[in-house]
file data_5.cif (mmCIF, C-alpha atoms and all ligand atoms)
data_protein
#
loop_
_atom_site.label_atom_id
_atom_site.label_comp_id
_atom_site.auth_asym_id
_atom_site.auth_seq_id
_atom_site.Cartn_x
_atom_site.Cartn_y
_atom_site.Cartn_z
CA MET A 1 92.52 93.09 101.58
CA ASN A 2 93.92 96.29 99.99
CA VAL A 3 97.69 96.43 100.55
CA LEU A 4 99.90 99.45 99.76
CA ILE A 5 103.64 98.82 99.50
CA THR A 6 106.37 101.44 99.01
CA GLY A 7 109.65 100.70 97.22
CA ALA A 8 107.88 97.91 95.35
CA GLY A 9 110.06 97.94 92.21
CA ARG A 10 112.70 95.50 93.44
CA GLY A 11 114.07 93.61 96.44
CA ILE A 12 111.87 93.01 99.47
CA GLY A 13 109.15 95.39 98.23
CA LEU A 14 108.79 93.40 95.01
CA GLY A 15 108.72 90.22 97.13
CA PHE A 16 105.86 91.59 99.24
CA THR A 17 104.01 92.59 96.06
CA GLU A 18 104.24 89.07 94.63
CA TYR A 19 103.33 87.49 97.96
CA TYR A 20 100.12 89.47 98.46
CA LEU A 21 99.05 89.06 94.83
CA LYS A 22 99.57 85.28 95.05
CA HIS A 23 97.44 85.24 98.19
CA GLY A 24 94.53 86.93 96.41
CA HIS A 25 94.88 90.48 97.70
CA THR A 26 94.70 93.76 95.82
CA VAL A 27 98.08 95.49 95.78
CA TYR A 28 98.91 99.17 95.31
CA ALA A 29 102.58 98.89 94.44
CA CYS A 30 104.36 102.24 94.81
CA TYR A 31 107.64 102.44 92.96
CA ARG A 32 110.21 105.15 92.35
CA THR A 33 111.89 103.45 89.39
CA GLU A 34 110.08 100.78 87.38
CA SER A 35 112.58 98.11 86.34
CA GLY A 36 109.98 96.28 84.24
CA LYS A 37 109.34 93.56 86.85
CA LEU A 38 106.15 95.22 88.08
CA THR A 39 104.87 95.65 84.53
CA THR A 40 105.47 91.94 83.92
CA LEU A 41 103.45 91.13 87.06
CA CYS A 42 100.62 93.32 85.71
CA ASP A 43 100.24 90.83 82.84
CA GLN A 44 99.64 88.05 85.39
CA TYR A 45 97.47 89.81 87.98
CA ASN A 46 94.46 92.08 87.50
CA ASP A 47 94.63 93.10 91.15
CA LEU A 48 97.94 94.94 90.77
CA ASN A 49 97.89 98.73 90.60
CA LEU A 50 101.13 100.57 89.86
CA LEU A 51 101.63 104.01 91.38
CA GLN A 52 104.73 106.13 91.01
CA TRP A 53 105.79 107.64 94.33
CA ASP A 54 109.19 108.93 95.35
CA VAL A 55 108.34 108.91 99.03
CA THR A 56 110.62 111.85 99.79
CA ARG A 57 108.01 113.95 97.93
CA PRO A 58 104.32 114.57 98.51
CA ALA A 59 101.99 112.14 96.75
CA SER A 60 100.77 113.48 93.41
CA ASP A 61 97.09 114.24 92.82
CA SER A 62 96.90 111.41 90.31
CA LEU A 63 98.28 108.96 92.88
CA LEU A 64 95.77 110.12 95.49
CA GLN A 65 92.95 109.73 92.97
CA SER A 66 94.08 106.18 92.18
CA LEU A 67 93.84 104.98 95.76
CA PRO A 68 90.98 102.78 96.94
CA GLY A 69 88.37 103.92 99.49
CA HIS A 70 90.12 102.02 102.25
CA ILE A 71 93.57 100.50 102.80
CA ASP A 72 93.96 97.52 105.15
CA LEU A 73 97.74 97.32 105.24
CA ILE A 74 100.50 99.86 104.55
CA ILE A 75 104.02 98.44 104.22
CA ASN A 76 106.60 101.20 104.54
CA ASN A 77 109.40 99.30 102.83
CA ALA A 78 111.28 101.88 100.70
CA GLY A 79 114.72 102.51 102.14
CA ILE A 80 118.33 103.32 101.42
CA TYR A 81 121.51 102.29 103.21
CA GLY A 82 123.64 105.33 102.45
CA PRO A 83 127.40 105.28 101.90
CA LYS A 84 128.93 101.80 101.82
CA LYS A 85 132.14 100.36 103.30
CA ASP A 86 133.54 102.74 105.93
CA GLY A 87 131.66 105.76 104.48
CA GLN A 88 129.47 105.75 107.59
CA SER A 89 132.31 105.47 110.13
CA LEU A 90 132.76 107.94 112.98
CA GLN A 91 135.56 109.56 111.01
CA LYS A 92 133.93 109.70 107.63
CA VAL A 93 130.16 110.04 107.90
CA THR A 94 129.00 113.43 106.61
CA PRO A 95 126.05 115.63 107.54
CA GLU A 96 124.82 115.18 103.96
CA ALA A 97 124.76 111.38 104.31
CA MET A 98 123.00 111.64 107.69
CA HIS A 99 120.31 113.88 106.17
CA GLU A 100 119.84 111.83 103.02
CA VAL A 101 119.32 108.52 104.81
CA TYR A 102 117.12 110.11 107.47
CA GLU A 103 114.90 111.62 104.81
CA VAL A 104 114.20 108.29 103.10
CA ASP A 105 114.26 105.88 106.06
CA CYS A 106 112.47 107.96 108.68
CA ILE A 107 110.76 111.09 107.36
CA ALA A 108 109.29 109.36 104.30
CA PRO A 109 107.48 106.57 106.21
CA LEU A 110 106.00 109.28 108.45
CA ARG A 111 104.89 111.19 105.35
CA VAL A 112 103.30 108.03 103.90
CA VAL A 113 101.28 107.45 107.08
CA GLN A 114 100.28 111.13 107.31
CA THR A 115 99.11 111.00 103.69
CA LEU A 116 97.17 107.76 103.97
CA GLN A 117 95.98 107.51 107.55
CA GLU A 118 92.44 108.68 106.81
CA LYS A 119 92.09 105.73 104.43
CA LEU A 120 93.28 103.07 106.89
CA SER A 121 90.59 100.60 107.90
CA ARG A 122 89.19 101.26 111.37
CA PRO A 123 89.30 98.98 113.23
CA GLY A 124 91.75 96.48 111.83
CA GLY A 125 94.14 98.61 109.74
CA VAL A 126 97.82 97.71 109.99
CA ILE A 127 100.98 99.75 109.42
CA ALA A 128 104.15 97.67 108.96
CA ASN A 129 107.31 99.76 109.09
CA ILE A 130 110.42 98.01 107.78
CA SER A 131 113.28 99.00 110.05
CA SER A 132 116.36 96.89 110.73
CA LYS A 133 118.19 95.37 113.67
CA MET A 134 120.74 98.05 112.80
CA GLY A 135 118.21 100.47 114.32
CA SER A 136 118.16 98.62 117.63
CA SER A 137 120.21 100.15 120.47
CA GLY A 138 119.97 96.91 122.44
CA ASP A 139 121.40 94.92 119.54
CA ASN A 140 124.21 97.36 118.69
CA THR A 141 127.47 95.75 119.71
CA SER A 142 129.49 96.60 116.60
CA GLY A 143 129.06 100.40 116.36
CA GLY A 144 129.60 102.38 113.15
CA THR A 145 127.02 102.78 110.33
CA TYR A 146 125.91 106.11 111.79
CA ALA A 147 123.47 107.29 109.14
CA TYR A 148 121.60 104.01 108.62
CA ARG A 149 121.48 103.07 112.30
CA ALA A 150 120.23 106.52 113.32
CA ALA A 151 117.52 106.67 110.65
CA LYS A 152 116.26 103.14 111.36
CA ALA A 153 116.30 103.81 115.13
CA ALA A 154 114.31 107.00 114.51
CA LEU A 155 111.82 104.94 112.50
CA VAL A 156 111.44 102.65 115.53
CA ILE A 157 110.54 105.51 117.84
CA ILE A 158 108.14 107.19 115.42
CA SER A 159 106.50 103.78 114.91
CA LYS A 160 106.01 103.54 118.67
CA SER A 161 104.34 106.95 118.70
CA MET A 162 102.10 105.88 115.81
CA ALA A 163 101.21 102.73 117.76
CA VAL A 164 100.18 104.79 120.79
CA ASP A 165 98.35 107.46 118.78
CA LEU A 166 96.40 105.07 116.53
CA GLN A 167 95.56 102.35 119.06
CA PRO A 168 92.27 104.08 120.08
CA GLU A 169 91.19 103.85 116.42
CA GLY A 170 91.93 100.12 116.23
CA ILE A 171 94.98 100.54 113.97
CA SER A 172 98.02 98.37 114.77
CA VAL A 173 101.64 99.18 114.08
CA ILE A 174 104.42 96.61 113.74
CA ILE A 175 108.13 97.28 113.22
CA LEU A 176 109.82 94.56 111.19
CA HIS A 177 113.40 93.40 110.70
CA PRO A 178 113.61 91.44 107.43
CA GLY A 179 116.82 89.58 108.29
CA TRP A 180 119.97 89.93 106.23
CA VAL A 181 118.34 89.49 102.85
CA ARG A 182 119.95 88.86 99.45
CA THR A 183 119.01 92.13 97.70
CA ASP A 184 120.83 94.96 95.95
CA MET A 185 121.09 96.79 99.27
CA VAL A 186 123.61 94.28 100.58
CA GLY A 187 125.18 93.45 97.20
CA LEU A 188 123.19 90.19 97.17
CA THR A 189 125.40 88.87 100.01
CA GLY A 190 122.65 88.21 102.58
CA LEU A 191 121.82 84.98 104.38
CA VAL A 192 118.09 84.91 103.65
CA ASP A 193 116.14 84.83 100.35
CA VAL A 194 113.56 87.52 99.68
CA SER A 195 110.81 84.87 99.61
CA GLU A 196 111.74 83.48 103.06
CA SER A 197 111.99 86.96 104.58
CA VAL A 198 108.69 88.07 103.08
CA ALA A 199 106.87 84.87 104.10
CA GLY A 200 108.12 85.33 107.67
CA MET A 201 107.15 89.01 107.89
CA SER A 202 103.75 88.42 106.24
CA GLY A 203 103.05 85.66 108.76
CA ILE A 204 103.78 88.10 111.58
CA ILE A 205 101.44 90.68 110.01
CA GLU A 206 98.70 88.03 109.66
CA ASN A 207 99.04 87.21 113.37
CA ILE A 208 99.37 90.81 114.50
CA GLU A 209 96.98 90.21 117.40
CA ASN A 210 99.74 88.14 119.04
CA TYR A 211 101.98 91.21 119.31
CA GLU A 212 101.74 94.42 121.29
CA SER A 213 101.22 97.38 118.95
CA GLY A 214 104.64 98.94 118.35
CA ALA A 215 106.49 95.65 118.82
CA PHE A 216 109.79 95.26 116.93
CA VAL A 217 109.89 91.76 115.43
CA ALA A 218 112.35 89.94 113.15
CA PHE A 219 111.17 87.89 110.15
CA ASP A 220 111.72 84.70 112.18
CA GLY A 221 109.41 85.88 114.97
CA GLN A 222 112.12 86.91 117.44
CA ILE A 223 111.41 90.13 119.33
CA VAL A 224 114.09 92.77 118.65
CA PRO A 225 114.93 95.12 121.55
CA TYR A 226 114.42 98.86 120.93
N1 LIG A 301 118.35 93.60 102.56
C1 LIG A 301 118.57 93.55 103.86
O1 LIG A 301 119.38 92.73 104.34
C2 LIG A 301 117.81 94.45 104.79
C3 LIG A 301 118.06 94.30 106.17
C4 LIG A 301 117.36 95.09 107.07
C5 LIG A 301 116.44 96.01 106.59
N2 LIG A 301 116.23 96.16 105.26
C6 LIG A 301 115.25 97.14 104.83
O2 LIG A 301 114.30 96.55 103.96
C7 LIG A 301 113.79 97.53 103.06
C8 LIG A 301 113.92 97.02 101.64
O3 LIG A 301 115.29 96.85 101.37
P1 LIG A 301 115.87 95.96 100.17
O4 LIG A 301 116.86 95.07 100.75
O5 LIG A 301 114.76 95.42 99.35
O6 LIG A 301 116.64 97.12 99.40
P2 LIG A 301 116.82 97.42 97.83
O7 LIG A 301 116.90 96.15 97.08
O8 LIG A 301 117.94 98.39 97.77
O9 LIG A 301 115.45 98.13 97.44
C9 LIG A 301 115.13 99.38 98.01
C10 LIG A 301 113.80 99.83 97.43
O10 LIG A 301 113.47 101.10 98.03
C11 LIG A 301 113.17 102.00 96.98
N3 LIG A 301 113.44 103.39 97.33
C12 LIG A 301 114.59 103.95 97.76
N4 LIG A 301 114.44 105.27 97.92
C13 LIG A 301 113.15 105.55 97.56
C14 LIG A 301 112.38 106.72 97.49
N5 LIG A 301 112.90 107.93 97.80
N6 LIG A 301 111.09 106.64 97.11
C15 LIG A 301 110.55 105.44 96.78
N7 LIG A 301 111.23 104.29 96.79
C16 LIG A 301 112.52 104.36 97.18
C17 LIG A 301 114.05 101.55 95.82
O11 LIG A 301 113.56 102.11 94.61
P3 LIG A 301 114.56 102.39 93.35
O12 LIG A 301 114.59 101.10 92.57
O13 LIG A 301 113.92 103.52 92.63
O14 LIG A 301 115.91 102.75 93.92
C18 LIG A 301 113.87 100.03 95.92
O15 LIG A 301 112.64 99.65 95.35
C19 LIG A 301 114.59 98.80 103.33
O16 LIG A 301 113.84 99.66 104.16
C20 LIG A 301 115.82 98.29 104.04
O17 LIG A 301 116.42 99.27 104.85
C21 LIG A 301 116.90 95.39 104.35
#
call {"tool": "encode", "arguments": {"input": "data_5.cif", "output": "structure tokens", "more": "lines below"}}
Ligand SMILES: NC(=O)c1ccc[n+]([C@@H]2O[C@H](COP(=O)([O-])OP(=O)(O)OC[C@H]3O[C@@H](n4cnc5c(N)ncnc54)[C@H](OP(=O)(O)O)[C@@H]3O)[C@@H](O)[C@H]2O)c1
result
Amino acid sequence: MNVLITGAGRGIGLGFTEYYLKHGHTVYACYRTESGKLTTLCDQYNDLNLLQWDVTRPASDSLLQSLPGHIDLIINNAGIYGPKKDGQSLQKVTPEAMHEVYEVDCIAPLRVVQTLQEKLSRPGGVIANISSKMGSSGDNTSGGTYAYRAAKAALVIISKSMAVDLQPEGISVIILHPGWVRTDMVGLTGLVDVSESVAGMSGIIENIENYESGAFVAFDGQIVPY
């Protein structure tokens, strides 16, 4: 299987990269900043291809030329949280923060799919969009976090449109919540290790036929309300 992952340089994206390589797949790992971890993995795996892509920008010609003829799975993982602490409160969140997070967490995954959709396997291609429970209206009992919640909720609804639009071509879309994962995004304070989160989400992707296209599913298999 050819797997393309965005934000692959660290955190959950790096975890997905390692997982799919270990399971014998060919990975197109798209990074913005290369911390050296991907280069180290290149020494271990021939099936790892490194592509630089800041997903807020169009893909470069050299990236497009480096892609395979078909892609079986796109994981839209790259994301940002935006201002920390109470920087996203009703009082303090700024238009600039709203725009910045929306650009990375919602517009960029749409751009990635627009750029790559012709290459997705038909039938059988899968798009996995990494949202967050923070983007669920049904799950929102604590309020706040305006920029991140809004961008991740917008990713949920564009994923649903992708699911509807691409279903006739046999392409499935899944929206994933990774859990609260120990990565830089949460100052390594999460409850779940990257490996556990990634194993759970990859298992859901492998059993995608058990889910309606456009379903919102947590790493532990629980359905998340829109
Ligand atoms: N950790 C959690 O508890 C949690 C919970 C729910 C959802 N999520 C979601 O899971 C995904 C991965 O998060 P994480 O926890 O692994 O976060 P992370 O450790 O902060 O890693 C974020 C990754 O996204 C990349 N990225 C950010 N902006 C980018 C851009 N413009 N172009 C390309 N890559 C970009 C970063 O690259 P650089 O190294 O260049 O910055 C980094 O590789 C995100 O979508 C996040 O919202 C995480």
call {"tool": "atom_distance", "arguments": {"input": "data_5.cif", "atom1": "CA of Ile5 in chain A", "atom2": "CA of Val113 in chain A"}}
result
11.7 Å
call {"tool": "residues_near_ligand", "arguments": {"input": "data_5.cif", "ligand": "ligand LIG 301 (chain A)", "cutoff": "6 Å", "atoms": "only C-alpha atoms and all ligand atoms", "output": "PyMOL selection string"}}
result
chain A and resi 7-13+31-33+53-56+77-80+104+130-132+177-186+190
call {"tool": "write_last_selection", "arguments": {"input": "data_5.cif", "atoms": "C-alpha atoms", "output": "PDB file, in the frame of the given file"}}
result
ATOM      1  CA  GLY A   7     109.650 100.700  97.220  1.00  0.00           C
ATOM      2  CA  ALA A   8     107.880  97.910  95.350  1.00  0.00           C
ATOM      3  CA  GLY A   9     110.060  97.940  92.210  1.00  0.00           C
ATOM      4  CA  ARG A  10     112.700  95.500  93.440  1.00  0.00           C
ATOM      5  CA  GLY A  11     114.070  93.610  96.440  1.00  0.00           C
ATOM      6  CA  ILE A  12     111.870  93.010  99.470  1.00  0.00           C
ATOM      7  CA  GLY A  13     109.150  95.390  98.230  1.00  0.00           C
ATOM      8  CA  TYR A  31     107.640 102.440  92.960  1.00  0.00           C
ATOM      9  CA  ARG A  32     110.210 105.150  92.350  1.00  0.00           C
ATOM     10  CA  THR A  33     111.890 103.450  89.390  1.00  0.00           C
ATOM     11  CA  TRP A  53     105.790 107.640  94.330  1.00  0.00           C
ATOM     12  CA  ASP A  54     109.190 108.930  95.350  1.00  0.00           C
ATOM     13  CA  VAL A  55     108.340 108.910  99.030  1.00  0.00           C
ATOM     14  CA  THR A  56     110.620 111.850  99.790  1.00  0.00           C
ATOM     15  CA  ASN A  77     109.400  99.300 102.830  1.00  0.00           C
ATOM     16  CA  ALA A  78     111.280 101.880 100.700  1.00  0.00           C
ATOM     17  CA  GLY A  79     114.720 102.510 102.140  1.00  0.00           C
ATOM     18  CA  ILE A  80     118.330 103.320 101.420  1.00  0.00           C
ATOM     19  CA  VAL A 104     114.200 108.290 103.100  1.00  0.00           C
ATOM     20  CA  ILE A 130     110.420  98.010 107.780  1.00  0.00           C
ATOM     21  CA  SER A 131     113.280  99.000 110.050  1.00  0.00           C
ATOM     22  CA  SER A 132     116.360  96.890 110.730  1.00  0.00           C
ATOM     23  CA  HIS A 177     113.400  93.400 110.700  1.00  0.00           C
ATOM     24  CA  PRO A 178     113.610  91.440 107.430  1.00  0.00           C
ATOM     25  CA  GLY A 179     116.820  89.580 108.290  1.00  0.00           C
ATOM     26  CA  TRP A 180     119.970  89.930 106.230  1.00  0.00           C
ATOM     27  CA  VAL A 181     118.340  89.490 102.850  1.00  0.00           C
ATOM     28  CA  ARG A 182     119.950  88.860  99.450  1.00  0.00           C
ATOM     29  CA  THR A 183     119.010  92.130  97.700  1.00  0.00           C
ATOM     30  CA  ASP A 184     120.830  94.960  95.950  1.00  0.00           C
ATOM     31  CA  MET A 185     121.090  96.790  99.270  1.00  0.00           C
ATOM     32  CA  VAL A 186     123.610  94.280 100.580  1.00  0.00           C
ATOM     33  CA  GLY A 190     122.650  88.210 102.580  1.00  0.00           C
TER      34      GLY A 190
END
call {"tool": "closest_residue", "arguments": {"input": "data_5.cif", "among": "A:Gly87, A:Pro225, A:Gly124, A:Gly135", "to": "Glu206 in chain A", "atoms": "all atoms listed in the file"}}
result
A:Gly124
call {"tool": "residues_around", "arguments": {"input": "data_5.cif", "residues": "Gly221 in chain A", "least_positions_apart": "3", "cutoff": "7 Å", "atoms": "only C-alpha atoms", "output": "PDB file with C-alpha atoms, in the coordinates of the input"}}
result
ATOM      1  CA  ILE A 204     103.780  88.100 111.580  1.00  0.00           C
ATOM      2  CA  VAL A 217     109.890  91.760 115.430  1.00  0.00           C
ATOM      3  CA  ALA A 218     112.350  89.940 113.150  1.00  0.00           C
TER       4      ALA A 218
END
call {"tool": "residues_around", "arguments": {"input": "data_5.cif", "residues": "Glu18 in chain A", "least_positions_apart": "3", "cutoff": "10 Å", "atoms": "all atoms listed in the file", "output": "ChimeraX atom specification"}}
result
/A:8,12-15,21-23,25,27,29,38,41,45,48,195,198
call {"tool": "closest_residue", "arguments": {"input": "data_5.cif", "among": "A:Ala128, A:Ile157, A:Leu188, A:Met162", "to": "Ile175 in chain A", "atoms": "all atoms listed in the file"}}
result
A:Ala128
